[in-house]
$ cat structure_1.txt   # compact mmCIF, C-alpha atoms and all ligand atoms
# COMPACT_ATOMS: atom_id res chain seq x y z
CA MET A 352 -6.33 10.38 -24.45
CA THR A 353 -7.93 8.22 -27.08
CA ASP A 354 -4.85 6.80 -28.78
CA THR A 355 -5.31 3.10 -28.23
CA THR A 356 -2.94 0.36 -29.27
CA ASP A 357 -3.79 -1.69 -32.30
CA GLU A 358 -3.20 -5.01 -30.58
CA SER A 359 -5.01 -8.04 -31.85
CA SER A 360 -7.70 -9.70 -29.76
CA ALA A 361 -4.98 -12.05 -28.51
CA ALA A 362 -3.98 -9.38 -25.96
CA PRO A 363 -5.10 -10.26 -22.44
CA ALA A 364 -8.08 -8.42 -21.00
CA THR A 365 -5.80 -6.34 -18.79
CA LEU A 366 -3.94 -4.84 -21.76
CA ARG A 367 -6.48 -4.91 -24.58
CA GLY A 368 -7.85 -1.48 -25.44
CA ARG A 369 -5.53 0.39 -23.05
CA SER A 370 -4.00 3.67 -24.14
CA SER A 371 -0.48 3.45 -25.53
CA ALA A 372 0.82 5.18 -22.38
CA GLU A 373 -0.75 2.46 -20.24
CA THR A 374 0.66 -0.29 -22.45
CA ARG A 375 4.10 1.32 -22.18
CA SER A 376 3.75 1.40 -18.37
CA ALA A 377 2.73 -2.25 -18.33
CA VAL A 378 5.84 -3.18 -20.35
CA LEU A 379 8.01 -1.09 -18.01
CA ASP A 380 6.44 -2.86 -15.01
CA LEU A 381 7.30 -6.23 -16.58
CA ILE A 382 10.92 -5.20 -17.15
CA ARG A 383 11.19 -3.90 -13.58
CA ALA A 384 9.59 -7.00 -12.03
CA SER A 385 11.75 -9.34 -14.13
CA GLY A 386 15.13 -7.80 -13.37
CA LYS A 387 16.42 -8.68 -16.85
CA ILE A 388 14.26 -9.81 -19.75
CA SER A 389 14.47 -10.20 -23.53
CA ARG A 390 12.07 -8.74 -26.11
CA VAL A 391 10.80 -12.23 -26.95
CA ASP A 392 9.95 -12.94 -23.29
CA LEU A 393 8.35 -9.52 -22.96
CA ALA A 394 6.09 -10.33 -25.91
CA ARG A 395 5.26 -13.75 -24.48
CA ARG A 396 4.47 -12.47 -20.99
CA SER A 397 2.53 -9.38 -22.06
CA VAL A 398 0.78 -11.17 -24.95
CA LEU A 399 1.56 -8.13 -27.10
CA THR A 400 2.99 -8.64 -30.58
CA GLU A 401 6.77 -8.57 -31.04
CA ALA A 402 6.35 -5.54 -33.30
CA THR A 403 4.59 -3.60 -30.54
CA ILE A 404 7.20 -4.66 -27.99
CA SER A 405 10.02 -3.57 -30.32
CA LYS A 406 8.42 -0.15 -30.76
CA ILE A 407 7.90 0.38 -27.01
CA VAL A 408 11.40 -0.89 -26.14
CA LYS A 409 12.90 1.49 -28.69
CA GLU A 410 11.09 4.42 -27.01
CA LEU A 411 12.09 3.30 -23.51
CA LEU A 412 15.76 2.94 -24.56
CA ALA A 413 15.68 6.40 -26.17
CA SER A 414 14.18 7.94 -23.01
CA GLY A 415 16.95 6.40 -20.87
CA LEU A 416 14.49 4.60 -18.58
CA ILE A 417 15.88 1.18 -19.58
CA VAL A 418 19.28 -0.05 -20.83
CA GLN A 419 20.65 -3.16 -22.49
CA ALA A 420 22.14 -5.66 -20.04
CA GLY A 421 24.04 -8.38 -21.92
CA TYR A 422 22.65 -11.40 -23.69
CA ALA A 423 20.45 -14.37 -22.80
CA GLU A 424 21.41 -17.94 -23.67
CA SER A 425 20.76 -18.78 -27.31
CA THR A 426 17.81 -21.03 -28.03
CA GLY A 427 19.05 -21.81 -31.54
CA GLY A 428 19.51 -18.50 -33.34
CA LYS A 429 21.10 -15.21 -32.31
CA ARG A 430 21.45 -14.65 -28.57
CA PRO A 431 18.65 -12.30 -27.48
CA VAL A 432 19.56 -8.94 -25.92
CA LEU A 433 18.47 -8.54 -22.30
CA LEU A 434 16.86 -5.33 -21.07
CA LYS A 435 16.74 -3.89 -17.55
CA LEU A 436 15.74 -0.76 -15.72
CA ASN A 437 18.38 1.98 -15.89
CA ASP A 438 19.54 2.29 -12.29
CA GLY A 439 21.59 5.35 -13.26
CA GLY A 440 22.51 6.11 -9.66
CA ARG A 441 19.00 7.33 -8.82
CA TYR A 442 17.27 6.74 -5.51
CA ALA A 443 14.00 7.31 -3.67
CA VAL A 444 13.38 7.85 0.02
CA GLY A 445 10.32 6.59 1.89
CA LEU A 446 9.13 7.64 5.33
CA THR A 447 6.52 6.48 7.75
CA MET A 448 5.94 8.04 11.14
CA ASP A 449 4.12 6.56 14.04
CA PHE A 450 3.59 7.61 17.63
CA HIS A 451 6.31 5.25 18.86
CA SER A 452 8.81 5.17 15.99
CA SER A 453 9.56 6.43 12.50
CA THR A 454 11.15 4.54 9.64
CA VAL A 455 13.16 6.02 6.79
CA VAL A 456 14.21 3.80 3.87
CA LEU A 457 16.47 4.42 0.91
CA CYS A 458 15.54 2.49 -2.26
CA GLY A 459 17.09 1.90 -5.64
CA PRO A 460 15.12 2.64 -8.82
CA ASP A 461 13.73 -0.92 -8.83
CA GLY A 462 12.19 -0.39 -5.38
CA ALA A 463 14.73 -2.63 -3.62
CA GLU A 464 15.56 -1.43 -0.13
CA LEU A 465 19.21 -0.37 0.21
CA ALA A 466 19.25 1.02 3.73
CA ARG A 467 16.89 1.94 6.54
CA ILE A 468 16.91 3.69 9.86
CA THR A 469 14.41 3.46 12.66
CA ALA A 470 14.16 6.77 14.44
CA ALA A 471 12.14 8.36 17.23
CA GLY A 472 8.36 8.48 16.85
CA THR A 473 6.25 11.62 16.97
CA GLY A 474 5.43 11.14 20.65
CA VAL A 475 3.62 14.18 21.97
CA ASP A 476 6.20 16.64 20.66
CA ARG A 477 5.10 19.71 18.73
CA PRO A 478 4.87 19.01 14.97
CA GLU A 479 7.62 21.57 14.12
CA LEU A 480 10.06 19.70 16.35
CA VAL A 481 9.04 16.31 14.93
CA LEU A 482 9.40 17.55 11.34
CA ASP A 483 12.84 19.09 12.07
CA ARG A 484 13.93 15.82 13.60
CA LEU A 485 12.65 13.72 10.68
CA ALA A 486 14.37 15.98 8.15
CA GLY A 487 17.58 15.44 10.13
CA ASP A 488 17.05 11.66 10.06
CA ILE A 489 16.62 11.74 6.27
CA GLU A 490 19.81 13.82 5.91
CA ASP A 491 21.67 11.38 8.17
CA LEU A 492 20.61 8.38 6.09
CA MET A 493 21.67 10.01 2.80
CA ARG A 494 25.01 11.10 4.28
CA ARG A 495 25.67 7.68 5.81
CA GLU A 496 25.01 5.97 2.47
CA GLY A 497 27.00 8.55 0.51
CA VAL A 498 23.97 9.57 -1.57
CA ASP A 499 23.87 13.10 -2.93
CA ARG A 500 20.57 14.96 -2.70
CA SER A 501 20.59 15.53 -6.47
CA ALA A 502 20.51 11.74 -7.04
CA VAL A 503 17.27 11.36 -5.03
CA ILE A 504 14.16 11.46 -7.19
CA GLY A 505 11.94 12.32 -4.26
CA LEU A 506 10.59 11.58 -0.82
CA GLY A 507 7.40 9.59 -0.27
CA VAL A 508 5.55 9.91 3.03
CA ALA A 509 3.06 7.26 4.13
CA SER A 510 0.44 8.77 6.37
CA ALA A 511 -2.97 8.18 7.82
CA GLY A 512 -5.98 10.37 7.16
CA ARG A 513 -6.66 13.14 4.74
CA ARG A 514 -4.01 15.66 5.73
CA GLY A 515 -0.90 13.64 6.45
CA PHE A 516 -1.35 12.58 10.03
CA PRO A 517 1.23 10.24 11.49
CA GLN A 518 0.13 6.63 11.49
CA GLY A 519 -1.21 4.69 14.44
CA TRP A 520 -4.51 4.04 16.12
CA ASN A 521 -3.08 4.29 19.59
CA VAL A 522 -3.47 8.03 19.89
CA ASP A 523 -6.43 10.18 20.82
CA ALA A 524 -8.34 12.83 18.89
CA SER A 525 -6.33 15.73 20.33
CA PHE A 526 -3.24 14.32 18.60
CA PHE A 527 -4.93 14.74 15.22
CA ASP A 528 -6.07 18.25 16.13
CA VAL A 529 -2.45 19.24 16.75
CA TRP A 530 -1.36 17.92 13.35
CA GLU A 531 -4.36 19.21 11.39
CA PRO A 532 -2.82 22.59 10.36
CA TYR A 533 0.32 20.96 9.00
CA SER A 534 0.81 19.93 5.41
CA VAL A 535 3.41 17.29 6.13
CA GLU A 536 4.58 17.10 2.51
CA ASP A 537 5.12 20.86 2.18
CA GLU A 538 6.91 21.08 5.51
CA LEU A 539 9.24 18.18 4.70
CA ALA A 540 9.88 19.41 1.15
CA GLN A 541 10.96 22.73 2.60
CA ARG A 542 13.21 21.16 5.21
CA THR A 543 14.84 18.48 3.01
CA GLY A 544 14.88 20.14 -0.41
CA LEU A 545 13.40 16.92 -1.84
CA ALA A 546 10.30 16.76 -4.02
CA THR A 547 7.83 15.21 -1.59
CA ILE A 548 4.62 13.26 -2.08
CA ARG A 549 2.28 12.20 0.68
CA GLU A 550 0.19 9.11 0.09
CA ASN A 551 -2.14 7.38 2.50
CA ASP A 552 -0.92 4.23 4.22
CA ALA A 553 -3.35 1.90 2.41
CA ASN A 554 -2.19 3.11 -1.01
CA CYS A 555 1.47 2.80 0.00
CA ALA A 556 0.90 -0.77 1.19
CA ALA A 557 -0.93 -1.63 -2.06
CA LEU A 558 1.70 -0.14 -4.35
CA GLY A 559 4.52 -1.71 -2.30
CA GLU A 560 2.80 -5.08 -2.75
CA PHE A 561 2.54 -4.48 -6.50
CA TRP A 562 6.25 -3.67 -6.74
CA VAL A 563 7.57 -6.60 -4.69
CA SER A 564 5.55 -9.28 -6.48
CA PRO A 565 7.50 -11.09 -9.21
CA GLU A 566 4.21 -11.81 -11.05
CA PRO A 567 2.16 -8.82 -9.97
CA HIS A 568 -1.61 -8.73 -10.20
CA ARG A 569 -2.62 -5.60 -12.10
CA ASP A 570 -6.03 -5.37 -10.44
CA PHE A 571 -6.43 -5.99 -6.69
CA ILE A 572 -7.07 -4.24 -3.40
CA THR A 573 -5.00 -4.04 -0.25
CA VAL A 574 -7.10 -3.51 2.88
CA TYR A 575 -5.06 -1.65 5.46
CA MET A 576 -6.02 -1.69 9.12
CA SER A 577 -4.42 0.80 11.47
CA HIS A 578 -6.18 3.71 13.18
CA GLY A 579 -9.05 3.13 10.78
CA VAL A 580 -9.76 0.74 7.95
CA GLY A 581 -8.86 1.83 4.42
CA ALA A 582 -8.20 0.22 1.06
CA GLY A 583 -5.60 0.83 -1.62
CA ILE A 584 -7.30 0.07 -4.93
CA VAL A 585 -4.90 -0.92 -7.71
CA ILE A 586 -6.39 -0.84 -11.19
CA ASN A 587 -4.20 -1.75 -14.14
CA GLY A 588 -1.07 -1.43 -12.00
CA ALA A 589 -1.84 2.07 -10.71
CA ILE A 590 -3.53 3.40 -7.60
CA TYR A 591 -7.11 4.51 -8.17
CA ARG A 592 -7.46 7.85 -6.38
CA GLY A 593 -10.96 9.10 -7.11
CA VAL A 594 -12.12 12.68 -7.61
CA SER A 595 -10.30 14.19 -4.61
CA GLY A 596 -7.56 11.62 -4.05
CA ASN A 597 -9.43 9.96 -1.19
CA ALA A 598 -10.71 6.74 -2.78
CA GLY A 599 -10.68 3.62 -0.65
CA GLU A 600 -12.33 4.88 2.55
CA ILE A 601 -13.99 1.53 3.10
CA GLY A 602 -14.06 2.11 6.86
CA HIS A 603 -17.16 4.18 6.16
CA MET A 604 -19.07 1.50 4.29
CA ILE A 605 -22.25 0.79 6.28
CA ALA A 606 -21.87 -2.46 8.21
CA VAL A 607 -24.81 -2.09 10.63
CA PRO A 608 -27.80 -0.08 9.36
CA ASP A 609 -28.86 2.42 12.06
CA GLY A 610 -25.84 1.37 14.13
CA GLU A 611 -23.60 3.53 16.29
CA LEU A 612 -22.95 7.11 15.13
CA CYS A 613 -19.56 7.41 13.39
CA TRP A 614 -17.48 10.60 13.41
CA CYS A 615 -18.14 10.90 9.66
CA GLY A 616 -21.86 11.45 10.31
CA SER A 617 -23.13 8.04 9.18
CA HIS A 618 -24.38 5.30 11.44
CA GLY A 619 -22.89 1.81 11.73
CA CYS A 620 -19.75 2.34 9.63
CA LEU A 621 -17.34 -0.58 9.33
CA GLU A 622 -14.87 1.32 11.52
CA THR A 623 -17.38 1.41 14.37
CA VAL A 624 -17.57 -2.39 14.47
CA ALA A 625 -14.37 -3.82 12.95
CA SER A 626 -11.40 -1.51 13.69
CA PRO A 627 -8.89 -2.18 16.50
CA ARG A 628 -10.50 0.66 18.45
CA ALA A 629 -13.97 -0.90 18.08
CA MET A 630 -12.69 -4.27 19.30
CA VAL A 631 -10.90 -2.63 22.22
CA ASP A 632 -14.08 -0.74 23.20
CA GLN A 633 -16.13 -3.92 23.26
CA VAL A 634 -13.62 -5.77 25.41
CA VAL A 635 -13.17 -2.88 27.84
CA GLN A 636 -16.95 -2.44 28.25
CA ASP A 637 -17.30 -6.07 29.38
CA PRO A 638 -16.15 -6.55 33.02
CA GLU A 639 -15.58 -10.27 32.52
CA LEU A 640 -13.35 -9.71 29.48
CA ARG A 641 -11.43 -6.95 31.25
CA VAL A 642 -10.53 -9.41 33.98
CA ALA A 643 -9.77 -12.15 31.45
CA ILE A 644 -7.05 -10.13 29.74
CA GLY A 645 -5.94 -8.15 32.79
CA VAL A 646 -6.85 -4.58 31.83
CA ASP A 647 -9.02 -1.88 33.35
CA GLU A 648 -11.02 1.01 31.88
CA ASP A 649 -7.96 3.27 31.94
CA THR A 650 -5.54 0.96 30.14
CA PRO A 651 -4.26 2.68 26.96
CA ILE A 652 -5.89 1.40 23.77
CA ALA A 653 -2.60 0.15 22.29
CA GLU A 654 -1.95 -2.00 25.35
CA VAL A 655 -5.49 -3.44 25.36
CA PHE A 656 -5.21 -4.33 21.68
CA ARG A 657 -1.79 -5.88 22.21
CA ARG A 658 -3.32 -8.12 24.87
CA ILE A 659 -6.38 -8.98 22.76
CA ALA A 660 -4.11 -10.00 19.90
CA SER A 661 -1.76 -12.09 22.02
CA GLY A 662 -1.99 -15.85 21.54
CA ALA A 663 -3.56 -16.61 24.92
CA ALA A 664 -6.36 -14.01 24.74
CA VAL A 665 -7.33 -15.02 21.22
CA GLU A 666 -8.17 -18.45 22.65
CA HIS A 667 -10.51 -16.98 25.31
CA ALA A 668 -14.08 -17.67 24.19
CA GLY A 669 -15.37 -14.15 24.94
CA VAL A 670 -12.48 -12.36 23.27
CA ARG A 671 -12.70 -14.76 20.36
CA ARG A 672 -16.39 -13.87 19.93
CA VAL A 673 -15.55 -10.15 19.76
CA LEU A 674 -12.89 -10.83 17.13
CA GLU A 675 -15.09 -13.13 15.08
CA VAL A 676 -18.04 -10.71 15.03
CA ALA A 677 -15.65 -7.97 13.83
CA ALA A 678 -14.15 -10.34 11.25
CA GLY A 679 -17.67 -11.20 10.02
CA HIS A 680 -18.50 -7.52 9.36
CA PHE A 681 -15.13 -7.17 7.69
CA ALA A 682 -15.79 -10.21 5.48
CA SER A 683 -19.08 -8.68 4.29
CA ALA A 684 -17.25 -5.53 3.23
CA ILE A 685 -14.62 -7.58 1.38
CA SER A 686 -17.36 -9.50 -0.43
CA ASP A 687 -19.01 -6.23 -1.53
CA LEU A 688 -15.69 -4.96 -2.87
CA VAL A 689 -14.97 -8.19 -4.75
CA ASN A 690 -18.40 -8.03 -6.37
CA THR A 691 -18.13 -4.31 -7.16
CA LEU A 692 -14.67 -4.41 -8.72
CA ASP A 693 -14.58 -8.04 -10.00
CA LEU A 694 -11.42 -8.89 -8.10
CA ASP A 695 -9.55 -12.16 -7.72
CA LEU A 696 -7.09 -10.91 -5.09
CA VAL A 697 -7.52 -9.12 -1.76
CA VAL A 698 -4.42 -8.46 0.38
CA LEU A 699 -4.62 -7.67 4.11
CA ALA A 700 -1.96 -5.34 5.54
CA GLY A 701 -1.25 -3.05 8.45
CA PRO A 702 -0.57 -3.17 12.19
CA GLY A 703 -4.28 -3.69 13.00
CA PHE A 704 -4.03 -7.27 11.69
CA SER A 705 -1.08 -8.03 13.95
CA GLY A 706 -1.93 -11.19 15.91
CA VAL A 707 -5.52 -11.33 14.59
CA GLY A 708 -4.80 -11.47 10.84
CA GLU A 709 -5.54 -15.19 10.55
CA ILE A 710 -9.06 -14.76 12.01
CA PHE A 711 -9.88 -11.93 9.57
CA LEU A 712 -8.26 -13.78 6.70
CA ARG A 713 -10.24 -16.97 7.31
CA ALA A 714 -13.56 -15.13 7.68
CA ALA A 715 -13.03 -13.18 4.44
CA GLN A 716 -11.81 -16.20 2.46
CA GLU A 717 -14.75 -18.34 3.62
CA ARG A 718 -17.19 -15.59 2.69
CA VAL A 719 -15.92 -15.02 -0.85
CA ASP A 720 -15.72 -18.79 -1.40
CA SER A 721 -19.27 -19.48 -0.23
CA THR A 722 -21.33 -16.49 -1.37
CA GLY A 723 -21.27 -13.70 -3.92
CA PHE A 724 -21.59 -13.20 -7.64
CA MET A 725 -17.95 -13.79 -8.58
CA ARG A 726 -17.21 -17.10 -6.87
CA GLU A 727 -18.41 -19.28 -9.74
CA LEU A 728 -16.65 -17.14 -12.35
CA HIS A 729 -13.10 -17.33 -10.98
CA PRO A 730 -11.23 -18.19 -7.78
CA ILE A 731 -10.78 -15.33 -5.30
CA THR A 732 -7.73 -15.27 -3.04
CA VAL A 733 -7.50 -13.38 0.24
CA ARG A 734 -4.00 -13.31 1.73
CA LEU A 735 -1.82 -11.42 4.18
CA ALA A 736 0.64 -8.88 2.72
CA SER A 737 4.02 -10.18 1.64
CA ILE A 738 5.74 -7.07 2.95
CA GLY A 739 5.42 -6.55 6.68
CA SER A 740 3.16 -3.98 8.23
CA GLU A 741 6.22 -1.95 9.24
CA THR A 742 7.24 -1.41 5.62
CA ALA A 743 4.74 1.26 4.61
CA ALA A 744 7.89 3.37 4.18
CA LEU A 745 9.00 1.05 1.39
CA GLY A 746 5.61 1.49 -0.27
CA ALA A 747 5.95 5.28 0.04
CA ALA A 748 9.27 5.11 -1.82
CA THR A 749 7.64 3.10 -4.61
CA VAL A 750 5.01 5.85 -4.97
CA VAL A 751 7.86 8.22 -5.83
CA LEU A 752 9.43 5.74 -8.23
CA GLN A 753 6.21 4.95 -10.00
CA ARG A 754 5.50 8.62 -10.60
CA HIS A 755 8.97 8.99 -12.03
CA LEU A 756 8.76 5.94 -14.30
CA THR A 757 5.15 6.22 -15.42
CA PRO A 758 4.12 9.84 -14.96
CA HIS A 759 0.91 9.57 -17.00
CA ARG A 760 -0.61 7.50 -14.20
CA THR A 761 -0.49 10.30 -11.66
CA ALA A 762 0.23 13.97 -11.27
CA PRO A 763 3.95 14.86 -11.50
CA LEU A 764 6.08 15.28 -8.40
CA ALA A 765 5.56 18.54 -6.55
ZN ZN B 1 -18.08 6.68 9.15

$ encode --input "structure_1.txt" --output "structure tokens"
Amino acid sequence: MTDTTDESSAAPATLRGRSSAETRSAVLDLIRASGKISRVDLARRSVLTEATISKIVKELLASGLIVQAGYAESTGGKRPVLLKLNDGGRYAVGLTMDFHSSTVVLCGPDGAELARITAAGTGVDRPELVLDRLAGDIEDLMRREGVDRSAVIGLGVASAGRRGFPQGWNVDASFFDVWEPYSVEDELAQRTGLATIRENDANCAALGEFWVSPEPHRDFITVYMSHGVGAGIVINGAIYRGVSGNAGEIGHMIAVPDGELCWCGSHGCLETVASPRAMVDQVVQDPELRVAIGVDEDTPIAEVFRRIASGAAVEHAGVRRVLEVAAGHFASAISDLVNTLDLDLVVLAGPGFSGVGEIFLRAAQERVDSTGFMRELHPITVRLASIGSETAALGAATVVLQRHLTPHRTAPLA
């Protein structure tokens, strides 16, 4: 696509030179994030001309994606017409599944959560049983809320890994082997009759963050720590997916040259030194630290991490050292990403930051403030996610909604 808008140089860097489809998506994002907004305010906030806004709004009204919603207060002349997203009785469903629990959410077309259920986790049950059960949970939620299947745009599934594994770092390799043959999205589409998209947890967290922010950044990354470490890269308000849809595998950036062998074949990957599993390994290998937090070599990983991240253990000098070394490696990776992508916002999300988020946050913020190419060009903010780590399901629903609203950004729903 080479059809670019003819905006003047007054357009902000994020919109100047974008294709008309991207400009249209940006305007739609503004309407969605604002709730209700007039054409004049759209022009002011997008820094597009009023003529361009009028043209785009006309198209959006004709397509039925937005509707008129009354009038704003007059500021002297005619009262301006307000515009909003057409809720039109459409919904999206989001799902996340973990070893211990699963979450299903029902969202409106603006991404607002309408209802949720917390259901059984995967446990060690066979995948067919788990998938049957989840499809039943989704049916139950729709029935309970009186939502007809035909009104649901689609189902988004937040998952770890490349093939749709359930989330969680507290499971062993055999768990992934069991799930490997299953295409979770195909299986759930078949069972629920809903168009289903699977998206990795980091991308779901990033897109969820984009949708809940009233003044969303159009370019940022969300670093998601769970079983591994991944990043959702948002560029111009859309997820950057890469050649095979696997962009953001920052857990395999090299943190320690010639370090420990990683399962991916490289040595010294970030995951080998700064994931929950890596921190757990270091604590468990040290007899003094084992005693300090009351675990032994057979304590399950999830329990060890829970103890490491509890307030008391974090204050133990030895445990603190393990966490701070990990946070230092993590901060280096963040700095590389900021310099590579010219970012001014990095968001930290996911269960792996639970209880230790502040340590990682501080290390990363100090690093980007004190070193790196970008720090003298603009401020760089590192912050914890505004939606909780348990709401990857909400992010998965927004993946469905974004594909529906702005299909040029991604492939259509299956
Ligand atoms: Zn690796």

$ residues_near_ligand --input "structure_1.txt" --ligand "ligand ZN 1 (chain B)" --cutoff "9 Å" --atoms "all atoms listed in the file" --output "ChimeraX atom specification"
/A:600-605,612-623

$ write_last_selection --input "structure_1.txt" --atoms "C-alpha atoms" --output "PDB file, in the coordinates of the input"
ATOM      1  CA  GLU A 600     -12.330   4.880   2.550  1.00  0.00           C
ATOM      2  CA  ILE A 601     -13.990   1.530   3.100  1.00  0.00           C
ATOM      3  CA  GLY A 602     -14.060   2.110   6.860  1.00  0.00           C
ATOM      4  CA  HIS A 603     -17.160   4.180   6.160  1.00  0.00           C
ATOM      5  CA  MET A 604     -19.070   1.500   4.290  1.00  0.00           C
ATOM      6  CA  ILE A 605     -22.250   0.790   6.280  1.00  0.00           C
ATOM      7  CA  LEU A 612     -22.950   7.110  15.130  1.00  0.00           C
ATOM      8  CA  CYS A 613     -19.560   7.410  13.390  1.00  0.00           C
ATOM      9  CA  TRP A 614     -17.480  10.600  13.410  1.00  0.00           C
ATOM     10  CA  CYS A 615     -18.140  10.900   9.660  1.00  0.00           C
ATOM     11  CA  GLY A 616     -21.860  11.450  10.310  1.00  0.00           C
ATOM     12  CA  SER A 617     -23.130   8.040   9.180  1.00  0.00           C
ATOM     13  CA  HIS A 618     -24.380   5.300  11.440  1.00  0.00           C
ATOM     14  CA  GLY A 619     -22.890   1.810  11.730  1.00  0.00           C
ATOM     15  CA  CYS A 620     -19.750   2.340   9.630  1.00  0.00           C
ATOM     16  CA  LEU A 621     -17.340  -0.580   9.330  1.00  0.00           C
ATOM     17  CA  GLU A 622     -14.870   1.320  11.520  1.00  0.00           C
ATOM     18  CA  THR A 623     -17.380   1.410  14.370  1.00  0.00           C
TER      19      THR A 623
END

$ residues_around --input "structure_1.txt" --residues "Asp488 (chain A)" --least-positions-apart "6" --cutoff "10 Å" --atoms "all atoms listed in the file" --output "PDB file with C-alpha atoms, in the coordinates of the input"
ATOM      1  CA  SER A 453       9.560   6.430  12.500  1.00  0.00           C
ATOM      2  CA  THR A 454      11.150   4.540   9.640  1.00  0.00           C
ATOM      3  CA  VAL A 455      13.160   6.020   6.790  1.00  0.00           C
ATOM      4  CA  ILE A 468      16.910   3.690   9.860  1.00  0.00           C
ATOM      5  CA  THR A 469      14.410   3.460  12.660  1.00  0.00           C
ATOM      6  CA  ALA A 470      14.160   6.770  14.440  1.00  0.00           C
ATOM      7  CA  ALA A 471      12.140   8.360  17.230  1.00  0.00           C
ATOM      8  CA  LEU A 482       9.400  17.550  11.340  1.00  0.00           C
ATOM      9  CA  ARG A 494      25.010  11.100   4.280  1.00  0.00           C
TER      10      ARG A 494
END

$ atom_distance --input "structure_1.txt" --atom1 "CA of Ser425 (chain A)" --atom2 "CA of Ser564 (chain A)"
27.5 Å

$ residues_around --input "structure_1.txt" --residues "Glu566 (chain A)" --least-positions-apart "4" --cutoff "10 Å" --atoms "all atoms listed in the file" --output "PyMOL selection string"
chain A and resi 381+384-385+396+561-562

$ atom_distance --input "structure_1.txt" --atom1 "CA of Val751 (chain A)" --atom2 "CA of Leu412 (chain A)"
21.0 Å

$ residues_around --input "structure_1.txt" --residues "Thr447 (chain A)" --least-positions-apart "6" --cutoff "8 Å" --atoms "all atoms listed in the file" --output "VMD selection string"
chain A and resid 453 to 455 508 to 510 517 to 518 743 to 744 747

$ residues_around --input "structure_1.txt" --residues "Val378 (chain A)" --least-positions-apart "3" --cutoff "9 Å" --atoms "only C-alpha atoms" --output "number ranges by chain"
A: 373-375, 381-383, 393, 397, 404, 407-408

$ residues_around --input "structure_1.txt" --residues "Arg395 (chain A)" --least-positions-apart "2" --cutoff "12 Å" --atoms "all atoms listed in the file" --output "list in words"
Ala361, Ala362, Pro363, Val378, Leu381, Ile388, Ser389, Arg390, Val391, Asp392, Leu393, Ser397, Val398, Leu399, Thr400, Glu401, Thr403 and Ile404 of chain A

$ atom_distance --input "structure_1.txt" --atom1 "CA of Val670 (chain A)" --atom2 "CA of Val634 (chain A)"
7.0 Å

$ closest_residue --input "structure_1.txt" --among "A:Arg672, A:Arg713, A:Arg569, A:Arg628" --to "Asp695 (chain A)" --atoms "all atoms listed in the file"
A:Arg569

$ residues_near_point --input "structure_1.txt" --point "(24.1, -15.8, -19.5)" --cutoff "12 Å" --atoms "all atoms listed in the file" --output "JSON, numbers by chain"
{"A": [387, 388, 389, 420, 421, 422, 423, 424, 425, 426, 430, 431, 432, 433]}

$ closest_residue --input "structure_1.txt" --among "A:Val631, A:Val676, A:Val750, A:Val529" --to "Glu550 (chain A)" --atoms "all atoms listed in the file"
A:Val750

$ closest_residue --input "structure_1.txt" --among "A:Ile590, A:Met493, A:Val642, A:Met576" --to "Phe711 (chain A)" --atoms "all atoms listed in the file"
A:Met576

$ decode --input "structure_1.txt" --residues "region 474-483 of chain A" --atoms "N, CA and C atoms" --output "CSV table (one decimal), in the first residue's frame"
chain,number,residue,atom,x,y,z
A,474,GLY,N,-4.3,-28.3,35.1
A,474,GLY,CA,-3.9,-29.4,36.0
A,474,GLY,C,-3.1,-30.3,35.1
A,475,VAL,N,-3.2,-31.6,35.4
A,475,VAL,CA,-2.4,-32.6,34.6
A,475,VAL,C,-3.4,-33.4,33.7
A,476,ASP,N,-4.6,-32.9,33.6
A,476,ASP,CA,-5.6,-33.6,32.7
A,476,ASP,C,-5.1,-33.6,31.3
A,477,ARG,N,-5.7,-34.6,30.6
A,477,ARG,CA,-5.4,-34.7,29.1
A,477,ARG,C,-5.9,-33.5,28.4
A,478,PRO,N,-5.2,-33.0,27.4
A,478,PRO,CA,-5.7,-31.8,26.7
A,478,PRO,C,-7.1,-31.8,26.2
A,479,GLU,N,-7.5,-33.0,25.7
A,479,GLU,CA,-8.9,-33.1,25.1
A,479,GLU,C,-9.9,-32.8,26.2
A,480,LEU,N,-9.7,-33.3,27.4
A,480,LEU,CA,-10.6,-33.0,28.6
A,480,LEU,C,-10.6,-31.6,28.9
A,481,VAL,N,-9.4,-31.0,29.0
A,481,VAL,CA,-9.2,-29.6,29.4
A,481,VAL,C,-10.0,-28.7,28.4
A,482,LEU,N,-9.8,-29.0,27.1
A,482,LEU,CA,-10.4,-28.2,26.0
A,482,LEU,C,-11.9,-28.3,26.0
A,483,ASP,N,-12.4,-29.5,26.3
A,483,ASP,CA,-13.9,-29.8,26.4
A,483,ASP,C,-14.4,-28.9,27.6
